[in-house]
Amino acid sequence: ECCAYLNILCGCSLRSVLVSLQHERFRRAITCVISKNFVSDNLSLHLKVRVGLQYCDVLENSILAEELKKVPASAAVAPQDDQNHNNDITSLVLRVGNALSYSPSRMTPRLVNQIRASDDFTPVMIVELVSCLAILQMLHRMISFHIVNFTSA
């Protein structure tokens with residue numbers, strides 16, 4: 001049920017993550033968080049997927065990357081290629097997303113100044129970007145936990 005809902009909403013079911021959850025209430029709560037984060041008026045889903053794929057490269061998480069790759073190919077998501085944002089903003093979002101993908105963060109004073117100088121990269125977009133990465137980090141940890149439990153059993 002949760003996988004089907006996510007598949008309709010954002011084009012990927014995240015079945016590889018949700019299948020490992022034993023409790024339906026937990027599965028529904030995570031589905032709600034994912035659905036709220038993936039649908040937005042500020043950052044396009046396509047741009048979030050691009051940031052997410054960068055993040056998966058940093059984490060070396062091919063399972064989550066494969067799930068995210070399904071999103072742009074879905075019928076529910078138009079291949080708008082971030083039409084709501086110009087190339088400068090798209091580039092800046094991708095650079096900030098990449099910098100935030102590491103722990104510790106690789107945000108530099110220069111990058112912060114570029115964010116401040118941009119009239120188009122709004123605080124709401126920054127919060128949404130950070131939230132998206134936090135959701136992906138949670139999914140990454142769930143996948144990693146499931147792999148460890150599966151291989152050690």
# chains A, B, ... in the order shown; residues from 1 in each chain; ligands from 1
call {"tool": "residues_around", "arguments": {"residues": "Arg15 of chain A", "least_positions_apart": "4", "cutoff": "10 Å", "atoms": "only C-alpha atoms", "output": "VMD selection string"}}
result
chain A and resid 2 to 4 6 to 7 19 to 20 67
call {"tool": "residues_around", "arguments": {"residues": "Ser62 of chain A", "least_positions_apart": "6", "cutoff": "10 Å", "atoms": "only C-alpha atoms", "output": "number ranges by chain"}}
result
A: 53, 56, 68, 140
call {"tool": "residues_around", "arguments": {"residues": "segment 85-100 of chain A", "least_positions_apart": "4", "cutoff": "12 Å", "atoms": "only C-alpha atoms", "output": "CSV table (one decimal) with N, CA and C atoms, in the first residue's frame"}}
result
chain,number,residue,atom,x,y,z
A,41,ASP,N,6.8,23.1,-4.2
A,41,ASP,CA,6.7,24.2,-5.1
A,41,ASP,C,8.0,25.0,-5.2
A,42,ASN,N,9.0,24.6,-4.4
A,42,ASN,CA,10.2,25.4,-4.4
A,42,ASN,C,11.4,24.7,-5.2
A,43,LEU,N,11.7,23.5,-4.8
A,43,LEU,CA,12.7,22.7,-5.6
A,43,LEU,C,12.0,21.6,-6.4
A,44,SER,N,12.3,21.5,-7.6
A,44,SER,CA,11.6,20.5,-8.4
A,44,SER,C,12.1,19.1,-8.0
A,46,HIS,N,12.8,16.7,-9.9
A,46,HIS,CA,13.9,16.4,-10.8
A,46,HIS,C,15.2,16.9,-10.2
A,47,LEU,N,15.2,18.1,-9.7
A,47,LEU,CA,16.5,18.6,-9.0
A,47,LEU,C,16.8,17.9,-7.8
A,48,LYS,N,15.8,17.6,-7.0
A,48,LYS,CA,16.0,16.8,-5.8
A,48,LYS,C,16.6,15.4,-6.1
A,49,VAL,N,16.2,14.8,-7.2
A,49,VAL,CA,16.7,13.5,-7.6
A,49,VAL,C,18.2,13.7,-8.0
A,50,ARG,N,18.5,14.7,-8.7
A,50,ARG,CA,19.9,15.0,-9.1
A,50,ARG,C,20.8,15.2,-7.9
A,51,VAL,N,20.3,15.9,-6.9
A,51,VAL,CA,21.1,16.1,-5.7
A,51,VAL,C,21.2,14.7,-4.9
A,52,GLY,N,20.1,14.0,-4.9
A,52,GLY,CA,20.1,12.7,-4.3
A,52,GLY,C,21.1,11.7,-4.9
A,53,LEU,N,21.2,11.7,-6.2
A,53,LEU,CA,22.1,10.8,-6.9
A,53,LEU,C,23.5,11.2,-6.6
A,54,GLN,N,23.8,12.5,-6.5
A,54,GLN,CA,25.1,12.9,-6.1
A,54,GLN,C,25.4,12.4,-4.7
A,55,TYR,N,24.4,12.5,-3.8
A,55,TYR,CA,24.6,12.0,-2.4
A,55,TYR,C,24.8,10.5,-2.4
A,56,CYS,N,24.1,9.8,-3.2
A,56,CYS,CA,24.3,8.3,-3.3
A,56,CYS,C,25.7,8.0,-3.8
A,57,ASP,N,26.3,8.8,-4.7
A,57,ASP,CA,27.7,8.6,-5.1
A,57,ASP,C,28.6,8.8,-4.0
A,58,VAL,N,28.4,9.8,-3.1
A,58,VAL,CA,29.2,10.0,-2.0
A,58,VAL,C,29.1,8.8,-1.0
A,59,LEU,N,27.9,8.3,-0.8
A,59,LEU,CA,27.7,7.3,0.2
A,59,LEU,C,28.0,5.9,-0.4
A,80,GLN,N,11.0,18.1,-16.9
A,80,GLN,CA,11.0,19.5,-17.0
A,80,GLN,C,12.4,20.1,-16.9
A,81,ASP,N,13.3,19.3,-16.5
A,81,ASP,CA,14.7,19.7,-16.3
A,81,ASP,C,14.8,21.0,-15.6
A,104,PRO,N,32.3,15.7,7.9
A,104,PRO,CA,31.6,17.0,8.0
A,104,PRO,C,31.3,17.6,6.7
A,105,SER,N,30.4,18.6,6.7
A,105,SER,CA,30.0,19.3,5.6
A,105,SER,C,31.2,20.0,4.9
A,106,ARG,N,31.1,20.1,3.6
A,106,ARG,CA,32.2,20.8,2.9
A,106,ARG,C,31.7,22.2,2.4
A,107,MET,N,30.8,22.8,3.2
A,107,MET,CA,30.4,24.2,2.9
A,107,MET,C,31.6,25.1,3.1
A,108,THR,N,31.9,25.9,2.1
A,108,THR,CA,33.0,26.9,2.2
A,108,THR,C,32.4,28.3,2.4
A,109,PRO,N,33.2,29.2,2.9
A,109,PRO,CA,32.8,30.6,3.0
A,109,PRO,C,32.4,31.1,1.6
A,110,ARG,N,33.1,30.7,0.6
A,110,ARG,CA,32.8,31.2,-0.8
A,110,ARG,C,31.4,30.7,-1.2
A,111,LEU,N,31.1,29.4,-0.9
A,111,LEU,CA,29.8,28.9,-1.3
A,111,LEU,C,28.6,29.6,-0.5
A,112,VAL,N,28.9,29.8,0.8
A,112,VAL,CA,27.9,30.6,1.6
A,112,VAL,C,27.7,32.0,1.0
A,113,ASN,N,28.7,32.6,0.6
A,113,ASN,CA,28.6,34.0,0.0
A,113,ASN,C,27.8,33.9,-1.3
A,114,GLN,N,28.0,32.9,-2.1
A,114,GLN,CA,27.2,32.7,-3.3
A,114,GLN,C,25.8,32.5,-3.0
A,115,ILE,N,25.4,31.8,-2.0
A,115,ILE,CA,24.0,31.6,-1.6
A,115,ILE,C,23.5,33.0,-1.2
A,116,ARG,N,24.2,33.7,-0.4
A,116,ARG,CA,23.7,35.0,0.1
A,116,ARG,C,23.6,36.0,-1.0
A,117,ALA,N,24.4,35.9,-2.0
A,117,ALA,CA,24.4,36.9,-3.2
A,117,ALA,C,23.2,36.5,-4.1
A,118,SER,N,22.7,35.3,-4.0
A,118,SER,CA,21.7,34.9,-5.0
A,118,SER,C,20.3,35.4,-4.4
A,119,ASP,N,19.6,36.1,-5.3
A,119,ASP,CA,18.2,36.5,-5.0
A,119,ASP,C,17.2,35.3,-5.2
A,120,ASP,N,17.6,34.4,-6.0
A,120,ASP,CA,16.7,33.3,-6.4
A,120,ASP,C,16.8,32.1,-5.5
A,121,PHE,N,18.0,31.9,-4.9
A,121,PHE,CA,18.1,30.7,-4.0
A,121,PHE,C,17.6,31.1,-2.6
A,122,THR,N,16.4,30.9,-2.4
A,122,THR,CA,15.7,31.4,-1.2
A,122,THR,C,16.0,30.5,0.1
A,123,PRO,N,15.7,31.1,1.2
A,123,PRO,CA,15.9,30.3,2.5
A,123,PRO,C,15.0,29.1,2.5
A,125,MET,N,14.2,27.3,0.0
A,125,MET,CA,14.8,26.3,-0.9
A,125,MET,C,16.0,25.6,-0.1
A,126,ILE,N,16.7,26.4,0.6
A,126,ILE,CA,17.8,25.8,1.4
A,126,ILE,C,17.3,24.8,2.4
A,127,VAL,N,16.2,25.2,3.1
A,127,VAL,CA,15.6,24.3,4.1
A,127,VAL,C,15.1,23.0,3.4
A,128,GLU,N,14.5,23.2,2.3
A,128,GLU,CA,14.0,22.0,1.6
A,128,GLU,C,15.1,21.1,1.1
A,129,LEU,N,16.2,21.7,0.7
A,129,LEU,CA,17.4,20.9,0.2
A,129,LEU,C,18.0,20.1,1.4
A,130,VAL,N,18.1,20.8,2.5
A,130,VAL,CA,18.7,20.1,3.7
A,130,VAL,C,17.7,19.0,4.2
A,131,SER,N,16.5,19.3,4.1
A,131,SER,CA,15.5,18.3,4.5
A,131,SER,C,15.5,17.1,3.6
A,132,CYS,N,15.6,17.3,2.3
A,132,CYS,CA,15.7,16.2,1.3
A,132,CYS,C,16.9,15.4,1.6
A,133,LEU,N,18.1,16.0,1.9
A,133,LEU,CA,19.3,15.2,2.2
A,133,LEU,C,19.1,14.4,3.5
A,134,ALA,N,18.4,15.0,4.5
A,134,ALA,CA,18.2,14.3,5.7
A,134,ALA,C,17.3,13.1,5.5
A,136,LEU,N,17.1,11.4,2.7
A,136,LEU,CA,17.9,10.4,2.0
A,136,LEU,C,18.9,9.7,3.0
A,137,GLN,N,19.4,10.5,3.9
A,137,GLN,CA,20.4,9.9,4.9
A,137,GLN,C,19.6,8.9,5.8
